[in-house]
Each structure stands twice: as structure tokens, then as C-alpha cells.
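Asker: Pasting a structure below so you can have a look.
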Amino acid sequence: MRWIHAAGRGLLVLVVILTGYAASGARGDEGPAGGRGPLTLATAGDLTGYLGSVLEGWNRTHPDEKVTLVELPDSADETHAQMTTDLRGGERGRFDILNIDVSWTSEFAAHGWIRPLARDRFPLDTFLPPVVDTATYDGQLYAVPYVTNAGLLLYRKDILAKEGLDPPRTWAELEKQAKTIAPRYGLDGYAGQFLPYEGLTVNAAEAVYSAGGSILGDEGERVTVNSMAARDGIDFLARGVREGWIPKQALTYKEEESKQAFQDGRLLFLRNWPYAYVGASAKGSPVAGKIGAVPLPGPDGPGTSVLGGSNLAVGAHTEHPDSAARLLAYLTSERVQRQVLTRGALPPVRADLYEDPELIREFPYLPTLRESVLTAAPRPKSPRYDQVSLVVQAVVHDAMTGRETPEAAVRRLARELDAIAR
């Protein structure tokens with residue numbers, strides 16, 4: 001779950017806790033003793049450093065409802081595998097609360113692994129509106145958003161200032177600046193996360209969405225990718241590698257590798273999550289004070305980001321749903337959500353924090369991030385999302401490496417996704 005990163009693995013950890021509260025998503029009147037008792041939260045490795053104090057605050061004031069954190073591997077694929085193996089058992093399992101990537105909600109809900117939740121139990125109206133959609137399946141709430149994310153275009157503002165240029169708003173402007181300006185300063189032009197893994201699915205979906213296309217509809221039951229817009233989106237990425245303004249090395253980049261390339265001063269432009277801005281701006285970074293962030297560009301103006309982040313879901317067989325709900329309320333409170341940002345540098349889901357002057361001074365990218373989240377779209381929803389993502393990664397990677405034309409890639413995508421949807 002490092003998408004995110006993505007934005008980051010820490011994001012997942014906190015989200016897991018949220019899930020705890022979501023577990024109580026029902027009414028708090030289920031299960032023995034009103035559904036209260038100790039909880040176990042499952043998440044990817046906690047690398048943020050602030051989760052411990054957040055949980056200590058809860059455990060100190062709720063001695064009969066203490067939360068035990070179970071850290072699974074850092075890899076999203078391994079975390080997903082361990083969670084699903086536990087959930088498929090059919091009995092109570094080890095986990096009450098699950099910190100899941102936003103793209104897993106439909107899969108977990110469709111299989112009956114997580115509990116449906118009552119909307120009026122949670123402060124959904126205080127969240128940025130698009131994040132709530134990532135927590136639903138078939139019109140029902142199945143998780144509670146805890147951390148959100150959206151892709152940004154990071155750029156070297158010092159270099160563009162020397163050239164008297166504004167950051168790009170369109171693909172054409174991005175291509176031109178990446179081709180002509182980056183080489184003058186000994187830099188590569190543009191990179192994202194192009195290794196065939198979940199990050200490439202995100203980058204590919206953003207390109208398709210920005211061009212006005214889509215991949216799936218009707219909760220994964222209808223394939224919509226066979227369009228000129230999807231071809232244009234994939235061609236944008238493939239053309240970048242073919243023409244050299246996307247370096248071939250970027251085909252091996254995940255979040256961390258691409259962040260490091262930008263932070264080391266090797267890239268003019270980078271698509272990444274906000275955590276990369278924080279890292280590149282930190283004391284000791286070679287580019288600290290020299291970077292800016294804008295929404296991702298599209299064909300004719302700002303493009304569309306994919307929503308990242310994590311949702312907290314409650315295991316279907318938890319014995320303590322009320323405690324889970326109460327924990328979720330704690331973790332989605334304004335005070336804790338503020339800590340998510342200030343201690344973890346992770347994007348909170350509460351809308352009002354993005355307009356707080358004090359926070360904007362400390363995190364100047366917040367207004368841009370808010371704009372990106374409000375116009376973002378979820379990854380394709382499907383009960384078989386893991387299969388969908390693998391197909392998108394493989395096909396788009398073949399197009400970017402020149403093994404397949406964008407036209408052929410779109411036809412293959414439609415064919416292989418149709419086989420999954422049946």
C-alpha cells in the first residue's frame with residue numbers, strides 16, 4: 001500500500017484504525033455486551049511514526065476496548081494476500097478492522113468479507129465528496145475513508161522561472177518543456193510510476209481519464225475502454241518513452257524511485273503523491289525551496305487524477321462492532337485528522353483542513369491538492385479488481401516499451417477485460 005502512497009505506507013496504517021471504527025458501522029447494538037471489546041487492526045507496515053501515539057491516546061481512555069495493531073508486509077500485494085487469506089476462512093479470523101487500499105473496497109464487499117455500514121453513523125458530510133465514493137459498493141457504504149490522496153505534477157520552479165515560463169497545464173506544454181528545457185539543464189523530462197505494478201495502473205487510468213475516457217462501468221460489469229480517448233491516453237505515455245522526454249529508466253520506477261530521482265535533481269517534472277513534495281522540500285534535500293506543485297495536465301487543460309488513499313473496513317465477523325464504530329469516530333475527528341496531516345504528512349479526508357491558513361502555511365500544496373481531489377476519479381470498480389489491475393499493467397507496459405501500438409493495446413485491453421467481467 002505504498003501508493004500511494006502514495007502515498008505512503010503510513011497512510012495505510014492509520015487507515016486500518018479507521019476501519020476499526022467502521023466496524024461498528026452498524027448501530028452499536030450488535031454482538032455480545034453491546035458489541036464492545038478489544039480490537040485487532042491489520043495494516044501494512046507502520047512507517048509513519050505517529051500512529052503509535054494516536055492509538056495510545058485511545059487505549060489510555062478505553063482500557064476495555066484496546067486496539068492491537070498487526071503489521072503485515074510493506075508490499076501491497078502481500079498485504080492483500082494475507083488479508084484475503086484470513087477473510088476467506090469463513091470464521092471470525094484474526095482481524096476486526098482492515099486498513100485497505102481504496103481500490104479493494106468493491107472486491108472485499110462483493111465477497112462478503114466486510115460489513116455494510118450505516119451512513120448516518122459517520123461524519124461523511126465533513127469529508128471531501130469524492131472520497132466517499134471509494135468506500136461504497138452497489139450503492140452501500142462498506143468502509144469509511146481515513147486518508148485520501150491525489151496525484152500532483154511536481155516541477156522545478158527555479159528552472160521554469162529562469163525560462164520565464166509557467167508550469168504546464170496541458171500535455172502539449174508538458175511535452176514541449178520536457179523536450180526542450182530539461183536537456184538544457186542536464187535533466188530528464190518527465191516521469192511517473194511506470195514499473196508494471198499498481199502504480200502503472202494508476203498512471204494509465206489518469207491518462208485515460210484525462211483524455212475523457214474510462215475503463216470499466218457498472219461496478220465492473222461493463223467494459224468501456226475501447227475508445228479513441230483511451231487510445232489517446234495510452235499514446236501520451238507511449239509517445240513520451242518513444243520520443244525520449246520520458247526516460248527509459250522511468251519504466252523501472254515505483255513511488256520511491258521516482259521521488260528520489262526528482263529529489264536528487266534529475267527530473268524537471270514528476271507525477272507523484274503529495275508525500276513526494278514533502279520529502280523533496282525537507283531540510284537537506286538538494287531541491288528544497290526549488291519545487292512547486294500543480295494539478296496534473298490533460299489534453300486541453302487540467303487533467304484528472306486517480307483517487308488514492310485508504311479506507312477502514314470492518315471484518316464481517318467482528319464480535320465488537322460498537323467499539324469499532326467508536327474508534328472510527330475517534331480517528332475521523334477533527335483533532336486526529338489534523339494529526340494525520342501534521343504528524344504523518346498524509347492527506348486527511350476532512351474538507352475544512354484544506355482551508356486552514358495555518359496548515360496552508362506549513363503545507364503550501366494543500367489548495368492544489370484539494371483541487372485535485374475534488375476533480376479526481378476512483379480506479380475502476382470491480383469485484384475482480386486485482387485481475388483488472390494486472391491486465392492494465394501488462395498491456396500499458398507493452399505499449400510503453402514499444403511491443404504494441406496504442407491502438408492494439410486498447411483492443412487487447414477491451415478483449416482481456418471483457419473476459420474478466422463475464
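Following the order of the C-alpha cells, chains are lettered A, B, ..., residues in each are numbered from 1, and ligands are numbered from 1.
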Find the residues near Ile246 in chain A: any atom within 10 Å, counting only C-alpha atoms, skip ones fewer than 5 places away on the same chain, and give them as a list in words.
Answerer: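 Near neighbours after the sequence-gap exclusion: Glu175, Ala178, Lys179, Asp188, Gly189, Tyr190, Ala191, Gly192, Leu237, Ala238, Arg239, Gly240, Val241, Leu251, Leu267, Phe269 and Met400 of chain A.
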Asker: Show me, as a Markdown table, the residues of range 123-158 of chain A having an atom within 9 Å of range 253-263 of chain A, each with the closest atom pair and its distance in Å, using only C-alpha atoms.
Answerer:
```
| residue | atom | partner | partner_atom | distance |
| --- | --- | --- | --- | --- |
| A:Leu154 | CA | A:Phe262 | CA | 8.6 |
| A:Tyr155 | CA | A:Phe262 | CA | 8.7 |
| A:Arg156 | CA | A:Phe262 | CA | 9.0 |
```
Asker: I need the residues from that last selection saved to file as a tab-separated table (two decimals), in the first residue's frame (with C-alpha atoms), if you can.
Answerer:
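Contents of selection.tsv, as written:
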```tsv
chain	number	residue	atom	x	y	z
A	154	LEU	CA	5.77	18.40	-9.20
A	155	TYR	CA	8.09	20.70	-11.09
A	156	ARG	CA	11.32	22.66	-10.72
```
Asker: Based on DSSP run over this structure's backbone, return all residues of range 161-318 of chain A in alpha helix (DSSP H), as number ranges by chain.
Answerer: A: 161-162, 171-180, 198-210, 228-243, 255-263, 274-281
Asker: State, in Å with one decimal place, the distance from CA of Pro406 in chain A to CA of Arg231 in chain A.
Answerer: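 Atom-to-atom, CA of Pro406 in chain A to CA of Arg231 in chain A, that is 5.7 Å.
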Asker: Just to confirm, what's the straight-line distance from CA of Arg412 in chain A to CA of Asp232 in chain A in Å (one decimal)?
Answerer: 15.1 Å
Asker: Could you check which of A:Glu407, A:Pro145, A:Gly289, A:Val202 is closest to Ala229 in chain A, using only C-alpha atoms?
Answerer: A:Glu407
Asker: Of the residues A:Pro295, A:Trp113, A:Val306, A:Gly186, which is the one nearest to Leu200 in chain A, using only C-alpha atoms?
Answerer: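 Residue with the minimum atom-to-atom distance to Leu200 in chain A: A:Val306.
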Asker: If DSSP is run on the backbone, what residues of range 111-227 of chain A are strand (DSSP E or B)? A reply as a list in words would be ideal.
Answerer: Ile114, Phe127, Thr136, Tyr137, Gln140, Leu141, Val144, Pro145, Tyr146, Val147, Thr148, Asn149, Ala150, Leu152, Leu153, Leu154, Tyr155, Arg156, Thr170, Asp188, Gly189, Tyr190, Ala191, Leu216, Gly217, Arg222 and Val223 of chain A
Asker: I want to know what sits within 7 Å of range 389-397 of chain A, based on only C-alpha atoms, with residues of the same chain fewer than 3 positions away left out; could you give that as a PDB file with all heavy atoms, in the first residue's frame?
Answerer:
```pdb
ATOM      1  N   PRO A 196       5.585  -2.164 -14.093  1.00  0.00           N
ATOM      2  CA  PRO A 196       4.282  -2.844 -14.116  1.00  0.00           C
ATOM      3  C   PRO A 196       3.864  -3.349 -12.733  1.00  0.00           C
ATOM      4  O   PRO A 196       4.159  -4.473 -12.335  1.00  0.00           O
ATOM      5  CB  PRO A 196       4.488  -3.992 -15.118  1.00  0.00           C
ATOM      6  CG  PRO A 196       5.939  -4.168 -15.262  1.00  0.00           C
ATOM      7  CD  PRO A 196       6.579  -2.849 -14.928  1.00  0.00           C
ATOM      8  N   TYR A 197       3.206  -2.495 -11.994  1.00  0.00           N
ATOM      9  CA  TYR A 197       2.634  -2.796 -10.679  1.00  0.00           C
ATOM     10  C   TYR A 197       1.451  -1.851 -10.517  1.00  0.00           C
ATOM     11  O   TYR A 197       1.026  -1.202 -11.488  1.00  0.00           O
ATOM     12  CB  TYR A 197       3.681  -2.634  -9.567  1.00  0.00           C
ATOM     13  CG  TYR A 197       3.941  -1.205  -9.150  1.00  0.00           C
ATOM     14  CD1 TYR A 197       3.634  -0.759  -7.865  1.00  0.00           C
ATOM     15  CD2 TYR A 197       4.465  -0.273 -10.047  1.00  0.00           C
ATOM     16  CE1 TYR A 197       3.860   0.556  -7.491  1.00  0.00           C
ATOM     17  CE2 TYR A 197       4.691   1.034  -9.671  1.00  0.00           C
ATOM     18  CZ  TYR A 197       4.388   1.441  -8.403  1.00  0.00           C
ATOM     19  OH  TYR A 197       4.596   2.742  -8.039  1.00  0.00           O
ATOM     20  N   GLU A 198       0.894  -1.743  -9.331  1.00  0.00           N
ATOM     21  CA  GLU A 198      -0.306  -0.924  -9.137  1.00  0.00           C
ATOM     22  C   GLU A 198      -0.107   0.528  -9.554  1.00  0.00           C
ATOM     23  O   GLU A 198      -1.029   1.180 -10.042  1.00  0.00           O
ATOM     24  CB  GLU A 198      -0.753  -1.002  -7.676  1.00  0.00           C
ATOM     25  CG  GLU A 198      -2.041  -0.255  -7.349  1.00  0.00           C
ATOM     26  CD  GLU A 198      -3.248  -0.811  -8.073  1.00  0.00           C
ATOM     27  OE1 GLU A 198      -3.200  -1.974  -8.536  1.00  0.00           O
ATOM     28  OE2 GLU A 198      -4.246  -0.087  -8.179  1.00  0.00           O
ATOM     29  N   LEU A 200       1.485   1.715 -12.072  1.00  0.00           N
ATOM     30  CA  LEU A 200       1.262   1.902 -13.509  1.00  0.00           C
ATOM     31  C   LEU A 200      -0.224   1.888 -13.820  1.00  0.00           C
ATOM     32  O   LEU A 200      -0.683   2.636 -14.699  1.00  0.00           O
ATOM     33  CB  LEU A 200       1.991   0.816 -14.302  1.00  0.00           C
ATOM     34  CG  LEU A 200       1.842   0.906 -15.825  1.00  0.00           C
ATOM     35  CD1 LEU A 200       2.234   2.293 -16.344  1.00  0.00           C
ATOM     36  CD2 LEU A 200       2.676  -0.175 -16.517  1.00  0.00           C
ATOM     37  N   THR A 201      -0.993   1.076 -13.119  1.00  0.00           N
ATOM     38  CA  THR A 201      -2.449   1.117 -13.295  1.00  0.00           C
ATOM     39  C   THR A 201      -2.979   2.514 -13.004  1.00  0.00           C
ATOM     40  O   THR A 201      -3.820   3.048 -13.739  1.00  0.00           O
ATOM     41  CB  THR A 201      -3.130   0.097 -12.365  1.00  0.00           C
ATOM     42  OG1 THR A 201      -2.672  -1.218 -12.682  1.00  0.00           O
ATOM     43  CG2 THR A 201      -4.643   0.150 -12.519  1.00  0.00           C
ATOM     44  N   ILE A 234      -3.202   6.374 -23.626  1.00  0.00           N
ATOM     45  CA  ILE A 234      -2.081   5.429 -23.673  1.00  0.00           C
ATOM     46  C   ILE A 234      -1.000   5.928 -24.622  1.00  0.00           C
ATOM     47  O   ILE A 234       0.204   5.778 -24.353  1.00  0.00           O
ATOM     48  CB  ILE A 234      -2.584   4.028 -24.077  1.00  0.00           C
ATOM     49  CG1 ILE A 234      -3.499   3.480 -22.972  1.00  0.00           C
ATOM     50  CG2 ILE A 234      -1.415   3.075 -24.333  1.00  0.00           C
ATOM     51  CD1 ILE A 234      -4.188   2.187 -23.329  1.00  0.00           C
ATOM     52  N   TYR A 385     -10.948  -6.663  -8.947  1.00  0.00           N
ATOM     53  CA  TYR A 385     -10.031  -5.565  -9.242  1.00  0.00           C
ATOM     54  C   TYR A 385      -8.590  -6.028  -9.396  1.00  0.00           C
ATOM     55  O   TYR A 385      -7.843  -5.501 -10.227  1.00  0.00           O
ATOM     56  CB  TYR A 385     -10.101  -4.476  -8.160  1.00  0.00           C
ATOM     57  CG  TYR A 385      -9.114  -3.381  -8.459  1.00  0.00           C
ATOM     58  CD1 TYR A 385      -9.394  -2.413  -9.419  1.00  0.00           C
ATOM     59  CD2 TYR A 385      -7.854  -3.357  -7.844  1.00  0.00           C
ATOM     60  CE1 TYR A 385      -8.473  -1.437  -9.751  1.00  0.00           C
ATOM     61  CE2 TYR A 385      -6.926  -2.382  -8.168  1.00  0.00           C
ATOM     62  CZ  TYR A 385      -7.240  -1.431  -9.121  1.00  0.00           C
ATOM     63  OH  TYR A 385      -6.308  -0.474  -9.454  1.00  0.00           O
ATOM     64  N   ASP A 386      -8.153  -7.013  -8.611  1.00  0.00           N
ATOM     65  CA  ASP A 386      -6.768  -7.456  -8.716  1.00  0.00           C
ATOM     66  C   ASP A 386      -6.459  -7.964 -10.117  1.00  0.00           C
ATOM     67  O   ASP A 386      -5.383  -7.689 -10.674  1.00  0.00           O
ATOM     68  CB  ASP A 386      -6.461  -8.524  -7.664  1.00  0.00           C
ATOM     69  CG  ASP A 386      -7.399  -9.719  -7.725  1.00  0.00           C
ATOM     70  OD1 ASP A 386      -8.523  -9.572  -8.251  1.00  0.00           O
ATOM     71  OD2 ASP A 386      -7.006 -10.804  -7.246  1.00  0.00           O
ATOM     72  N   MET A 400       4.124   1.028 -23.723  1.00  0.00           N
ATOM     73  CA  MET A 400       5.178   1.990 -23.406  1.00  0.00           C
ATOM     74  C   MET A 400       6.561   1.487 -23.832  1.00  0.00           C
ATOM     75  O   MET A 400       7.454   2.293 -24.117  1.00  0.00           O
ATOM     76  CB  MET A 400       5.171   2.310 -21.908  1.00  0.00           C
ATOM     77  CG  MET A 400       3.934   3.061 -21.456  1.00  0.00           C
ATOM     78  SD  MET A 400       3.997   3.543 -19.706  1.00  0.00           S
ATOM     79  CE  MET A 400       5.242   4.849 -19.749  1.00  0.00           C
ATOM     80  N   THR A 401       6.740   0.181 -23.878  1.00  0.00           N
ATOM     81  CA  THR A 401       8.026  -0.364 -24.307  1.00  0.00           C
ATOM     82  C   THR A 401       8.074  -0.610 -25.810  1.00  0.00           C
ATOM     83  O   THR A 401       9.081  -1.101 -26.320  1.00  0.00           O
ATOM     84  CB  THR A 401       8.322  -1.689 -23.574  1.00  0.00           C
ATOM     85  OG1 THR A 401       7.232  -2.594 -23.764  1.00  0.00           O
ATOM     86  CG2 THR A 401       8.534  -1.442 -22.091  1.00  0.00           C
ATOM     87  N   ALA A 409      -3.107  -1.915 -28.200  1.00  0.00           N
ATOM     88  CA  ALA A 409      -3.203  -2.047 -26.750  1.00  0.00           C
ATOM     89  C   ALA A 409      -4.636  -1.851 -26.278  1.00  0.00           C
ATOM     90  O   ALA A 409      -5.120  -2.597 -25.401  1.00  0.00           O
ATOM     91  CB  ALA A 409      -2.274  -1.044 -26.072  1.00  0.00           C
ATOM     92  N   LEU A 413      -6.829  -4.574 -24.374  1.00  0.00           N
ATOM     93  CA  LEU A 413      -7.425  -4.261 -23.076  1.00  0.00           C
ATOM     94  C   LEU A 413      -8.910  -4.610 -23.056  1.00  0.00           C
ATOM     95  O   LEU A 413      -9.403  -5.243 -22.113  1.00  0.00           O
ATOM     96  CB  LEU A 413      -7.240  -2.776 -22.758  1.00  0.00           C
ATOM     97  CG  LEU A 413      -6.035  -2.346 -21.940  1.00  0.00           C
ATOM     98  CD1 LEU A 413      -6.027  -0.834 -21.790  1.00  0.00           C
ATOM     99  CD2 LEU A 413      -6.042  -3.009 -20.569  1.00  0.00           C
TER     100      LEU A 413
END
```
Asker: Considering only C-alpha atoms, can you say which of A:Tyr50, A:Phe95, A:Phe127, A:Trp58 comes closest to Ala351 in chain A?
Answerer: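 For Ala351 in chain A, the nearest of the candidates is A:Phe127.
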Asker: What are the closest atom pairs, with distances in Å to one decimal, for each residue of range 253-278 of chain A lying within 12 Å of range 309-323 of chain A, using only C-alpha atoms, rows by chain and rising residue number, as CSV?
Answerer:
```
residue,atom,partner,partner_atom,distance
A:Trp273,CA,A:Gly309,CA,9.9
A:Pro274,CA,A:Gly309,CA,11.2
A:Tyr275,CA,A:Gly309,CA,11.7
```
Asker: Write out as a ChimeraX atom specification the residues lying within 6 Å of Gly308 in chain A, counting only C-alpha atoms and excluding same-chain residues fewer than 6 positions away.
Answerer: /A:148-150
Asker: What's the 8 Å shell around Pro167 in chain A, counting only C-alpha atoms, without same-chain residues fewer than 2 positions away, as a PyMOL selection string?
Answerer: chain A and resi 155+157+160+165+169+294
Asker: Quick one, how far is CA of Leu141 in chain A from CA of Leu124 in chain A?
Answerer: 10.5 Å
Asker: Neighbouring residues of Phe363 in chain A were defined as those with any atom within 10 Å, considering only C-alpha atoms; residues of the same chain fewer than 4 positions away were excluded. Please report them as number ranges by chain.
Answerer: A: 274, 277-278, 341-342, 345, 354, 357-359, 367
